[in-house]
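Note: the block below is query.txt and it holds compact mmCIF, N, CA and C atoms.
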# COMPACT_ATOMS: atom_id res chain seq x y z
N MET A 1 -62.37 60.06 -114.71
CA MET A 1 -61.03 60.53 -114.99
C MET A 1 -60.23 60.45 -113.70
N LYS A 2 -58.92 60.25 -113.84
CA LYS A 2 -58.06 60.19 -112.66
C LYS A 2 -56.93 61.21 -112.80
N SER A 3 -56.56 61.75 -111.66
CA SER A 3 -55.40 62.63 -111.55
C SER A 3 -54.23 61.75 -111.11
N VAL A 4 -53.13 61.84 -111.83
CA VAL A 4 -51.95 61.03 -111.53
C VAL A 4 -50.78 61.97 -111.24
N SER A 5 -50.09 61.73 -110.14
CA SER A 5 -48.90 62.52 -109.80
C SER A 5 -47.68 61.63 -109.87
N TYR A 6 -46.64 62.18 -110.49
CA TYR A 6 -45.40 61.42 -110.67
C TYR A 6 -44.25 62.39 -110.88
N ALA A 7 -43.23 62.28 -110.09
CA ALA A 7 -42.01 63.08 -110.22
C ALA A 7 -42.30 64.59 -110.30
N GLY A 8 -43.22 65.05 -109.47
CA GLY A 8 -43.53 66.48 -109.42
C GLY A 8 -44.51 66.94 -110.48
N LEU A 9 -44.96 66.06 -111.35
CA LEU A 9 -45.92 66.39 -112.40
C LEU A 9 -47.26 65.77 -112.05
N THR A 10 -48.33 66.53 -112.23
CA THR A 10 -49.67 65.99 -112.05
C THR A 10 -50.42 66.15 -113.36
N PHE A 11 -51.07 65.07 -113.78
CA PHE A 11 -51.83 65.12 -115.04
C PHE A 11 -53.10 64.31 -114.88
N GLU A 12 -54.08 64.59 -115.75
CA GLU A 12 -55.33 63.87 -115.74
C GLU A 12 -55.43 63.00 -116.98
N THR A 13 -55.91 61.77 -116.76
CA THR A 13 -56.06 60.83 -117.86
C THR A 13 -57.24 59.91 -117.57
N ALA A 14 -57.59 59.09 -118.52
CA ALA A 14 -58.71 58.17 -118.37
C ALA A 14 -58.42 57.16 -117.26
N ASP A 15 -59.47 56.71 -116.58
CA ASP A 15 -59.33 55.73 -115.49
C ASP A 15 -58.55 54.50 -115.93
N GLU A 16 -58.94 53.92 -117.07
CA GLU A 16 -58.29 52.69 -117.53
C GLU A 16 -56.81 52.91 -117.82
N ILE A 17 -56.47 54.07 -118.36
CA ILE A 17 -55.06 54.36 -118.65
C ILE A 17 -54.28 54.50 -117.34
N ALA A 18 -54.84 55.23 -116.39
CA ALA A 18 -54.16 55.41 -115.10
C ALA A 18 -53.96 54.06 -114.41
N ASP A 19 -55.00 53.23 -114.41
CA ASP A 19 -54.90 51.93 -113.76
C ASP A 19 -53.85 51.04 -114.43
N ALA A 20 -53.85 51.01 -115.77
CA ALA A 20 -52.88 50.20 -116.51
C ALA A 20 -51.46 50.72 -116.31
N LEU A 21 -51.31 52.04 -116.22
CA LEU A 21 -49.99 52.64 -115.98
C LEU A 21 -49.44 52.22 -114.62
N LEU A 22 -50.26 52.27 -113.59
CA LEU A 22 -49.81 51.88 -112.26
C LEU A 22 -49.49 50.39 -112.19
N GLN A 23 -50.27 49.57 -112.86
CA GLN A 23 -49.98 48.13 -112.89
C GLN A 23 -48.66 47.86 -113.59
N LEU A 24 -48.39 48.56 -114.69
CA LEU A 24 -47.11 48.40 -115.38
C LEU A 24 -45.96 48.86 -114.49
N ALA A 25 -46.14 49.98 -113.81
CA ALA A 25 -45.08 50.48 -112.93
C ALA A 25 -44.76 49.47 -111.83
N ALA A 26 -45.79 48.85 -111.27
CA ALA A 26 -45.57 47.84 -110.23
C ALA A 26 -44.83 46.63 -110.80
N ALA A 27 -45.22 46.19 -112.00
CA ALA A 27 -44.56 45.03 -112.62
C ALA A 27 -43.11 45.35 -112.98
N LEU A 28 -42.86 46.56 -113.47
CA LEU A 28 -41.48 46.95 -113.79
C LEU A 28 -40.63 46.98 -112.51
N GLY A 29 -41.20 47.51 -111.44
CA GLY A 29 -40.48 47.55 -110.18
C GLY A 29 -40.14 46.17 -109.67
N ALA A 30 -41.09 45.26 -109.75
CA ALA A 30 -40.87 43.89 -109.29
C ALA A 30 -39.82 43.17 -110.12
N ASN A 31 -39.66 43.59 -111.37
CA ASN A 31 -38.70 42.96 -112.27
C ASN A 31 -37.40 43.76 -112.43
N GLU A 32 -37.29 44.84 -111.64
CA GLU A 32 -36.11 45.71 -111.68
C GLU A 32 -35.77 46.15 -113.09
N ARG A 33 -36.79 46.65 -113.80
CA ARG A 33 -36.62 47.12 -115.17
C ARG A 33 -37.22 48.51 -115.30
N SER A 34 -36.86 49.19 -116.38
CA SER A 34 -37.41 50.51 -116.68
C SER A 34 -37.95 50.53 -118.10
N GLU A 35 -38.84 51.48 -118.35
CA GLU A 35 -39.43 51.59 -119.67
C GLU A 35 -39.94 53.02 -119.85
N THR A 36 -40.02 53.45 -121.09
CA THR A 36 -40.58 54.75 -121.43
C THR A 36 -41.96 54.53 -122.03
N VAL A 37 -42.94 55.31 -121.59
CA VAL A 37 -44.29 55.21 -122.12
C VAL A 37 -44.84 56.60 -122.42
N ASP A 38 -45.72 56.67 -123.40
CA ASP A 38 -46.44 57.90 -123.73
C ASP A 38 -47.88 57.74 -123.29
N ILE A 39 -48.38 58.72 -122.54
CA ILE A 39 -49.71 58.66 -121.98
C ILE A 39 -50.52 59.88 -122.46
N PRO A 40 -51.72 59.65 -123.02
CA PRO A 40 -52.56 60.79 -123.39
C PRO A 40 -53.15 61.42 -122.13
N VAL A 41 -53.15 62.75 -122.10
CA VAL A 41 -53.63 63.48 -120.93
C VAL A 41 -54.52 64.63 -121.38
N VAL A 42 -55.23 65.20 -120.40
CA VAL A 42 -56.04 66.39 -120.63
C VAL A 42 -55.37 67.55 -119.91
N GLU A 43 -55.10 68.60 -120.66
CA GLU A 43 -54.50 69.81 -120.06
C GLU A 43 -55.55 70.55 -119.23
N ASN A 44 -55.12 71.52 -118.42
CA ASN A 44 -56.02 72.30 -117.57
C ASN A 44 -57.11 73.01 -118.36
N ASN A 45 -56.84 73.36 -119.62
CA ASN A 45 -57.83 74.06 -120.44
C ASN A 45 -58.69 73.11 -121.27
N GLY A 46 -58.50 71.79 -121.09
CA GLY A 46 -59.29 70.81 -121.82
C GLY A 46 -58.64 70.26 -123.07
N ASP A 47 -57.51 70.85 -123.48
CA ASP A 47 -56.82 70.36 -124.67
C ASP A 47 -56.22 68.98 -124.40
N LEU A 48 -56.20 68.15 -125.45
CA LEU A 48 -55.56 66.85 -125.35
C LEU A 48 -54.07 67.01 -125.61
N ALA A 49 -53.27 66.30 -124.85
CA ALA A 49 -51.82 66.32 -125.00
C ALA A 49 -51.30 64.94 -124.61
N SER A 50 -50.00 64.80 -124.54
CA SER A 50 -49.44 63.55 -124.04
C SER A 50 -48.22 63.85 -123.19
N VAL A 51 -47.94 62.94 -122.28
CA VAL A 51 -46.73 63.04 -121.47
C VAL A 51 -45.92 61.78 -121.73
N GLN A 52 -44.62 61.93 -121.72
CA GLN A 52 -43.73 60.79 -121.86
C GLN A 52 -43.07 60.57 -120.51
N LEU A 53 -43.17 59.34 -120.01
CA LEU A 53 -42.67 59.02 -118.68
C LEU A 53 -41.64 57.89 -118.76
N VAL A 54 -40.62 57.98 -117.94
CA VAL A 54 -39.71 56.86 -117.73
C VAL A 54 -40.13 56.27 -116.40
N ILE A 55 -40.54 55.00 -116.43
CA ILE A 55 -40.97 54.36 -115.20
C ILE A 55 -40.11 53.13 -114.94
N GLY A 56 -39.91 52.85 -113.67
CA GLY A 56 -39.07 51.72 -113.31
C GLY A 56 -39.16 51.42 -111.84
N PRO A 57 -38.13 50.74 -111.30
CA PRO A 57 -38.17 50.27 -109.91
C PRO A 57 -38.40 51.38 -108.87
N ALA A 58 -37.94 52.58 -109.13
CA ALA A 58 -38.08 53.64 -108.13
C ALA A 58 -39.30 54.53 -108.36
N SER A 59 -40.14 54.18 -109.33
CA SER A 59 -41.31 55.00 -109.66
C SER A 59 -42.31 55.01 -108.51
N GLN A 60 -42.79 56.20 -108.20
CA GLN A 60 -43.80 56.34 -107.16
C GLN A 60 -44.94 57.18 -107.72
N PHE A 61 -46.06 56.54 -107.96
CA PHE A 61 -47.23 57.20 -108.51
C PHE A 61 -48.29 57.37 -107.44
N ILE A 62 -49.09 58.41 -107.60
CA ILE A 62 -50.29 58.60 -106.79
C ILE A 62 -51.41 58.84 -107.78
N SER A 63 -52.51 58.14 -107.61
CA SER A 63 -53.63 58.28 -108.51
C SER A 63 -54.90 58.43 -107.70
N LYS A 64 -55.78 59.35 -108.13
CA LYS A 64 -57.07 59.48 -107.45
C LYS A 64 -58.12 59.93 -108.47
N ARG A 65 -59.33 59.48 -108.23
CA ARG A 65 -60.44 59.84 -109.11
C ARG A 65 -60.77 61.32 -108.93
N VAL A 66 -61.00 62.02 -110.04
CA VAL A 66 -61.36 63.44 -110.01
C VAL A 66 -62.56 63.68 -110.92
N THR A 67 -63.25 64.77 -110.63
CA THR A 67 -64.34 65.19 -111.49
C THR A 67 -63.79 66.23 -112.45
N SER A 68 -64.11 66.06 -113.74
CA SER A 68 -63.59 66.97 -114.75
C SER A 68 -64.70 67.30 -115.74
N PRO A 69 -64.73 68.54 -116.20
CA PRO A 69 -65.73 68.90 -117.22
C PRO A 69 -65.33 68.41 -118.62
N TYR A 70 -64.13 67.85 -118.74
CA TYR A 70 -63.61 67.46 -120.05
C TYR A 70 -63.77 65.97 -120.28
N ASP A 71 -63.78 65.59 -121.55
CA ASP A 71 -63.86 64.18 -121.92
C ASP A 71 -62.56 63.47 -121.59
N ASP A 72 -62.69 62.18 -121.23
CA ASP A 72 -61.51 61.35 -120.99
C ASP A 72 -60.69 61.23 -122.26
N PRO A 73 -59.37 61.22 -122.14
CA PRO A 73 -58.53 60.97 -123.31
C PRO A 73 -58.41 59.47 -123.55
N SER A 74 -59.55 58.79 -123.62
CA SER A 74 -59.55 57.34 -123.77
C SER A 74 -58.82 56.92 -125.03
N ASN A 75 -58.05 55.88 -124.90
CA ASN A 75 -57.29 55.36 -126.04
C ASN A 75 -57.08 53.88 -125.80
N ALA A 76 -57.89 53.07 -126.46
CA ALA A 76 -57.83 51.62 -126.27
C ALA A 76 -56.46 51.05 -126.63
N GLU A 77 -55.80 51.63 -127.63
CA GLU A 77 -54.46 51.14 -128.02
C GLU A 77 -53.46 51.35 -126.90
N VAL A 78 -53.51 52.49 -126.24
CA VAL A 78 -52.59 52.77 -125.13
C VAL A 78 -52.84 51.80 -123.99
N VAL A 79 -54.10 51.60 -123.64
CA VAL A 79 -54.44 50.68 -122.55
C VAL A 79 -53.94 49.28 -122.89
N GLU A 80 -54.21 48.82 -124.10
CA GLU A 80 -53.79 47.47 -124.49
C GLU A 80 -52.26 47.35 -124.49
N HIS A 81 -51.56 48.39 -124.95
CA HIS A 81 -50.09 48.35 -124.94
C HIS A 81 -49.55 48.26 -123.51
N LEU A 82 -50.11 49.05 -122.60
CA LEU A 82 -49.65 49.01 -121.21
C LEU A 82 -49.93 47.65 -120.58
N ARG A 83 -51.10 47.10 -120.85
CA ARG A 83 -51.44 45.77 -120.31
C ARG A 83 -50.58 44.68 -120.93
N TYR A 84 -50.30 44.81 -122.22
CA TYR A 84 -49.43 43.84 -122.90
C TYR A 84 -48.04 43.85 -122.29
N ARG A 85 -47.48 45.04 -122.08
CA ARG A 85 -46.15 45.15 -121.48
C ARG A 85 -46.15 44.54 -120.07
N THR A 86 -47.22 44.74 -119.32
CA THR A 86 -47.33 44.17 -117.97
C THR A 86 -47.36 42.65 -118.05
N ARG A 87 -48.15 42.09 -118.99
CA ARG A 87 -48.22 40.64 -119.14
C ARG A 87 -46.86 40.05 -119.51
N LEU A 88 -46.12 40.73 -120.37
CA LEU A 88 -44.79 40.23 -120.75
C LEU A 88 -43.86 40.13 -119.55
N LEU A 89 -43.99 41.06 -118.63
CA LEU A 89 -43.14 41.05 -117.44
C LEU A 89 -43.51 39.91 -116.50
N ASP A 90 -44.73 39.42 -116.60
CA ASP A 90 -45.18 38.33 -115.73
C ASP A 90 -44.85 36.94 -116.28
N LEU A 91 -44.36 36.87 -117.53
CA LEU A 91 -44.03 35.57 -118.12
C LEU A 91 -42.80 34.97 -117.46
N PRO A 92 -42.76 33.65 -117.32
CA PRO A 92 -41.56 33.02 -116.75
C PRO A 92 -40.37 33.21 -117.70
N ARG A 93 -39.21 33.28 -117.12
CA ARG A 93 -37.98 33.46 -117.90
C ARG A 93 -37.06 32.27 -117.69
N ALA A 94 -36.30 31.96 -118.73
CA ALA A 94 -35.31 30.89 -118.61
C ALA A 94 -34.20 31.34 -117.67
N ALA A 95 -33.64 30.38 -116.97
CA ALA A 95 -32.54 30.69 -116.05
C ALA A 95 -31.53 29.55 -116.11
N ALA A 96 -30.28 29.92 -115.97
CA ALA A 96 -29.21 28.92 -115.97
C ALA A 96 -29.27 28.13 -114.67
N ILE A 97 -28.91 26.85 -114.77
CA ILE A 97 -28.83 26.02 -113.56
C ILE A 97 -27.41 25.47 -113.45
N SER A 98 -27.03 25.13 -112.26
CA SER A 98 -25.67 24.66 -112.01
C SER A 98 -25.53 23.18 -112.36
N ASP A 99 -24.29 22.70 -112.45
CA ASP A 99 -24.01 21.29 -112.70
C ASP A 99 -24.61 20.42 -111.61
N THR A 100 -24.58 20.88 -110.37
CA THR A 100 -25.14 20.13 -109.25
C THR A 100 -26.64 19.93 -109.43
N GLU A 101 -27.31 20.97 -109.88
CA GLU A 101 -28.75 20.86 -110.11
C GLU A 101 -29.04 19.90 -111.27
N ILE A 102 -28.21 19.90 -112.29
CA ILE A 102 -28.40 19.00 -113.43
C ILE A 102 -28.23 17.56 -112.98
N GLU A 103 -27.25 17.30 -112.10
CA GLU A 103 -27.01 15.93 -111.63
C GLU A 103 -28.22 15.41 -110.85
N ARG A 104 -28.98 16.27 -110.20
CA ARG A 104 -30.14 15.83 -109.43
C ARG A 104 -31.34 15.52 -110.30
N LEU A 105 -31.33 15.94 -111.54
CA LEU A 105 -32.46 15.69 -112.43
C LEU A 105 -32.44 14.24 -112.90
N ASP A 106 -33.60 13.62 -112.95
CA ASP A 106 -33.72 12.25 -113.41
C ASP A 106 -34.39 12.28 -114.78
N PHE A 107 -33.58 12.20 -115.82
CA PHE A 107 -34.09 12.30 -117.18
C PHE A 107 -34.72 10.98 -117.66
N ASP A 108 -34.46 9.89 -116.94
CA ASP A 108 -34.96 8.59 -117.39
C ASP A 108 -36.37 8.28 -116.85
N SER A 109 -36.80 8.95 -115.81
CA SER A 109 -38.13 8.65 -115.27
C SER A 109 -39.19 9.48 -116.01
N PRO A 110 -40.36 8.85 -116.26
CA PRO A 110 -41.43 9.59 -116.94
C PRO A 110 -41.97 10.67 -116.03
N SER A 111 -42.41 11.75 -116.64
CA SER A 111 -42.96 12.88 -115.86
C SER A 111 -44.39 12.64 -115.50
Take the structure in the file and write it out as structure tokens.
Amino acid sequence: MKSVSYAGLTFETADEIADALLQLAAALGANERSETVDIPVVENNGDLASVQLVIGPASQFISKRVTSPYDDPSNAEVVEHLRYRTRLLDLPRAAAISDTEIERLDFDSPS
């Protein structure tokens, strides 16, 4: 289990969830985007709960492994969703090019 601190809140969640959350936060920051995510957590008394976070370019997370008497709030769907969102941010995007750049392209030569 990992303890994650963000915006004055500290919560415990499964290792895979914490790792995927930090990877998404880094990808969102690199792409200057924001997103809202729901993360399953373990409360201090062992109850399962969730936190909703807005993460983006200014997000600063701290994560560390902790020992807990409680079960991880493992959730394969959450991990896959966070990883999917990260992969989408890594995809190339179309971009407009100028007339000058178009003139330099040679459409008649084989690639």
> Using the chain letters and numbers from this document, which residues of stretch 39-71 of chain A does DSSP assign to strand (DSSP E or B), as a PyMOL selection string?
Replying inline: chain A and resi 39-42+48-55+61-65
Suppose we keep N, CA and C atoms; can you now write the selection as a JSON list (two decimals), in the frame of the given file?
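again-v8.json written:
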[["chain", "number", "residue", "atom", "x", "y", "z"],
["A", 39, "ILE", "N", -48.38, 58.72, -122.54],
["A", 39, "ILE", "CA", -49.71, 58.66, -121.98],
["A", 39, "ILE", "C", -50.52, 59.88, -122.46],
["A", 40, "PRO", "N", -51.72, 59.65, -123.02],
["A", 40, "PRO", "CA", -52.56, 60.79, -123.39],
["A", 40, "PRO", "C", -53.15, 61.42, -122.13],
["A", 41, "VAL", "N", -53.15, 62.75, -122.10],
["A", 41, "VAL", "CA", -53.63, 63.48, -120.93],
["A", 41, "VAL", "C", -54.52, 64.63, -121.38],
["A", 42, "VAL", "N", -55.23, 65.20, -120.40],
["A", 42, "VAL", "CA", -56.04, 66.39, -120.63],
["A", 42, "VAL", "C", -55.37, 67.55, -119.91],
["A", 48, "LEU", "N", -56.20, 68.15, -125.45],
["A", 48, "LEU", "CA", -55.56, 66.85, -125.35],
["A", 48, "LEU", "C", -54.07, 67.01, -125.61],
["A", 49, "ALA", "N", -53.27, 66.30, -124.85],
["A", 49, "ALA", "CA", -51.82, 66.32, -125.00],
["A", 49, "ALA", "C", -51.30, 64.94, -124.61],
["A", 50, "SER", "N", -50.00, 64.80, -124.54],
["A", 50, "SER", "CA", -49.44, 63.55, -124.04],
["A", 50, "SER", "C", -48.22, 63.85, -123.19],
["A", 51, "VAL", "N", -47.94, 62.94, -122.28],
["A", 51, "VAL", "CA", -46.73, 63.04, -121.47],
["A", 51, "VAL", "C", -45.92, 61.78, -121.73],
["A", 52, "GLN", "N", -44.62, 61.93, -121.72],
["A", 52, "GLN", "CA", -43.73, 60.79, -121.86],
["A", 52, "GLN", "C", -43.07, 60.57, -120.51],
["A", 53, "LEU", "N", -43.17, 59.34, -120.01],
["A", 53, "LEU", "CA", -42.67, 59.02, -118.68],
["A", 53, "LEU", "C", -41.64, 57.89, -118.76],
["A", 54, "VAL", "N", -40.62, 57.98, -117.94],
["A", 54, "VAL", "CA", -39.71, 56.86, -117.73],
["A", 54, "VAL", "C", -40.13, 56.27, -116.40],
["A", 55, "ILE", "N", -40.54, 55.00, -116.43],
["A", 55, "ILE", "CA", -40.97, 54.36, -115.20],
["A", 55, "ILE", "C", -40.11, 53.13, -114.94],
["A", 61, "PHE", "N", -46.06, 56.54, -107.96],
["A", 61, "PHE", "CA", -47.23, 57.20, -108.51],
["A", 61, "PHE", "C", -48.29, 57.37, -107.44],
["A", 62, "ILE", "N", -49.09, 58.41, -107.60],
["A", 62, "ILE", "CA", -50.29, 58.60, -106.79],
["A", 62, "ILE", "C", -51.41, 58.84, -107.78],
["A", 63, "SER", "N", -52.51, 58.14, -107.61],
["A", 63, "SER", "CA", -53.63, 58.28, -108.51],
["A", 63, "SER", "C", -54.90, 58.43, -107.70],
["A", 64, "LYS", "N", -55.78, 59.35, -108.13],
["A", 64, "LYS", "CA", -57.07, 59.48, -107.45],
["A", 64, "LYS", "C", -58.12, 59.93, -108.47],
["A", 65, "ARG", "N", -59.33, 59.48, -108.23],
["A", 65, "ARG", "CA", -60.44, 59.84, -109.11],
["A", 65, "ARG", "C", -60.77, 61.32, -108.93]]
>> Counting all atoms listed in the file, which residues have an atom no more than 6.5 Å from (-57.5, 64.5, -117.9) in the file's coordinates? Please list them as a PyMOL selection string.
In response: chain A and resi 1-2+11-14+41-43+71-73
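Residues lying within 7 Å of A:Ile62, counting only N, CA and C atoms and ignoring same-chain neighbours fewer than 2 positions away, are Ser3, Val4, Ser5, Tyr6, Gln60 and Lys64 of chain A.
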Please produce a file of the residues just selected, as a short mmCIF file (atom, residue, chain, number, x, y, z; two decimals), keeping the file's coordinate frame, where the atoms kept are N, CA and C atoms.
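Now in selection.cif:
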data_model
loop_
_atom_site.label_atom_id
_atom_site.label_comp_id
_atom_site.auth_asym_id
_atom_site.auth_seq_id
_atom_site.Cartn_x
_atom_site.Cartn_y
_atom_site.Cartn_z
N SER A 3 -56.56 61.75 -111.66
CA SER A 3 -55.40 62.63 -111.55
C SER A 3 -54.23 61.75 -111.11
N VAL A 4 -53.13 61.84 -111.83
CA VAL A 4 -51.95 61.03 -111.53
C VAL A 4 -50.78 61.97 -111.24
N SER A 5 -50.09 61.73 -110.14
CA SER A 5 -48.90 62.52 -109.80
C SER A 5 -47.68 61.63 -109.87
N TYR A 6 -46.64 62.18 -110.49
CA TYR A 6 -45.40 61.42 -110.67
C TYR A 6 -44.25 62.39 -110.88
N GLN A 60 -42.79 56.20 -108.20
CA GLN A 60 -43.80 56.34 -107.16
C GLN A 60 -44.94 57.18 -107.72
N LYS A 64 -55.78 59.35 -108.13
CA LYS A 64 -57.07 59.48 -107.45
C LYS A 64 -58.12 59.93 -108.47
#
>> Can you pull out the residues contacting A:Pro57? Cut-off 6.5 Å, using all atoms listed in the file, and skip same-chain residues under 3 positions away; I want them as number ranges by chain.
In response: A: 28-30, 32-34
Residues as selected, N, CA and C atoms, written as an mmCIF file, in the frame of the given file, can you do that?
data_model
loop_
_atom_site.group_PDB
_atom_site.id
_atom_site.type_symbol
_atom_site.label_atom_id
_atom_site.label_comp_id
_atom_site.auth_asym_id
_atom_site.auth_seq_id
_atom_site.Cartn_x
_atom_site.Cartn_y
_atom_site.Cartn_z
ATOM 1 N N LEU A 28 -42.860 46.560 -113.470
ATOM 2 C CA LEU A 28 -41.480 46.950 -113.790
ATOM 3 C C LEU A 28 -40.630 46.980 -112.510
ATOM 4 N N GLY A 29 -41.200 47.510 -111.440
ATOM 5 C CA GLY A 29 -40.480 47.550 -110.180
ATOM 6 C C GLY A 29 -40.140 46.170 -109.670
ATOM 7 N N ALA A 30 -41.090 45.260 -109.750
ATOM 8 C CA ALA A 30 -40.870 43.890 -109.290
ATOM 9 C C ALA A 30 -39.820 43.170 -110.120
ATOM 10 N N GLU A 32 -37.290 44.840 -111.640
ATOM 11 C CA GLU A 32 -36.110 45.710 -111.680
ATOM 12 C C GLU A 32 -35.770 46.150 -113.090
ATOM 13 N N ARG A 33 -36.790 46.650 -113.800
ATOM 14 C CA ARG A 33 -36.620 47.120 -115.170
ATOM 15 C C ARG A 33 -37.220 48.510 -115.300
ATOM 16 N N SER A 34 -36.860 49.190 -116.380
ATOM 17 C CA SER A 34 -37.410 50.510 -116.680
ATOM 18 C C SER A 34 -37.950 50.530 -118.100
#
Adding 8 Å on each side of the box along x, y and z that holds all listed atoms of stretch 8-11 of chain A, could you give its centre and edge lengths in Å to one decimal, as lines of an AutoDock Vina configuration file?
center_x = -48.2
center_y = 65.6
center_z = -112.2
size_x = 25.9
size_y = 18.6
size_z = 21.6
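Put simply, atom N of A:Phe61 is 15.3 Å away from atom CA of A:Asp15.
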> atom C of A:Ile97 to atom C of A:Asn31: how many Å, to one decimal?
Replying inline: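 Going from atom C of A:Ile97 over to atom C of A:Asn31, I get 20.9 Å.
When all atoms listed in the file are used to measure the gap to A:Gln52, the shortest distance among A:Val66, A:Val79, A:Val37, A:Ala25 belongs to A:Val37.
Straight-line separation from atom CA of A:Ala49 to atom CA of A:Ser68: 15.6 Å.
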> Using all atoms listed in the file, which of the listed residues (A:Asp47, A:Leu53, A:Leu82, A:Leu91) sits closest to A:Tyr70?
Replying inline: A:Asp47
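Remark: for A:Glu35, the closest of the candidate residues A:Ser63, A:Val54, A:Leu21, A:Asp99 is A:Val54 (distances computed over only N, CA and C atoms).
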> So which residues of chain A fall under helix (DSSP H, G or I) by DSSP, listed as JSON, numbers by chain?
Replying inline: {"A": [15, 16, 17, 18, 19, 20, 21, 22, 23, 24, 25, 26, 27, 28, 29, 30, 76, 77, 78, 79, 80, 81, 82, 83, 84, 85, 86, 87, 88, 89, 90, 99, 100, 101, 102, 103, 104]}
> Between A:Ser59, A:Leu24, A:Pro69, A:Asn75, which has the minimum distance to A:Asn45 (counting only C-alpha atoms)?
Replying inline: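 Comparing A:Ser59, A:Leu24, A:Pro69, A:Asn75 against A:Asn45, the winner is A:Pro69.
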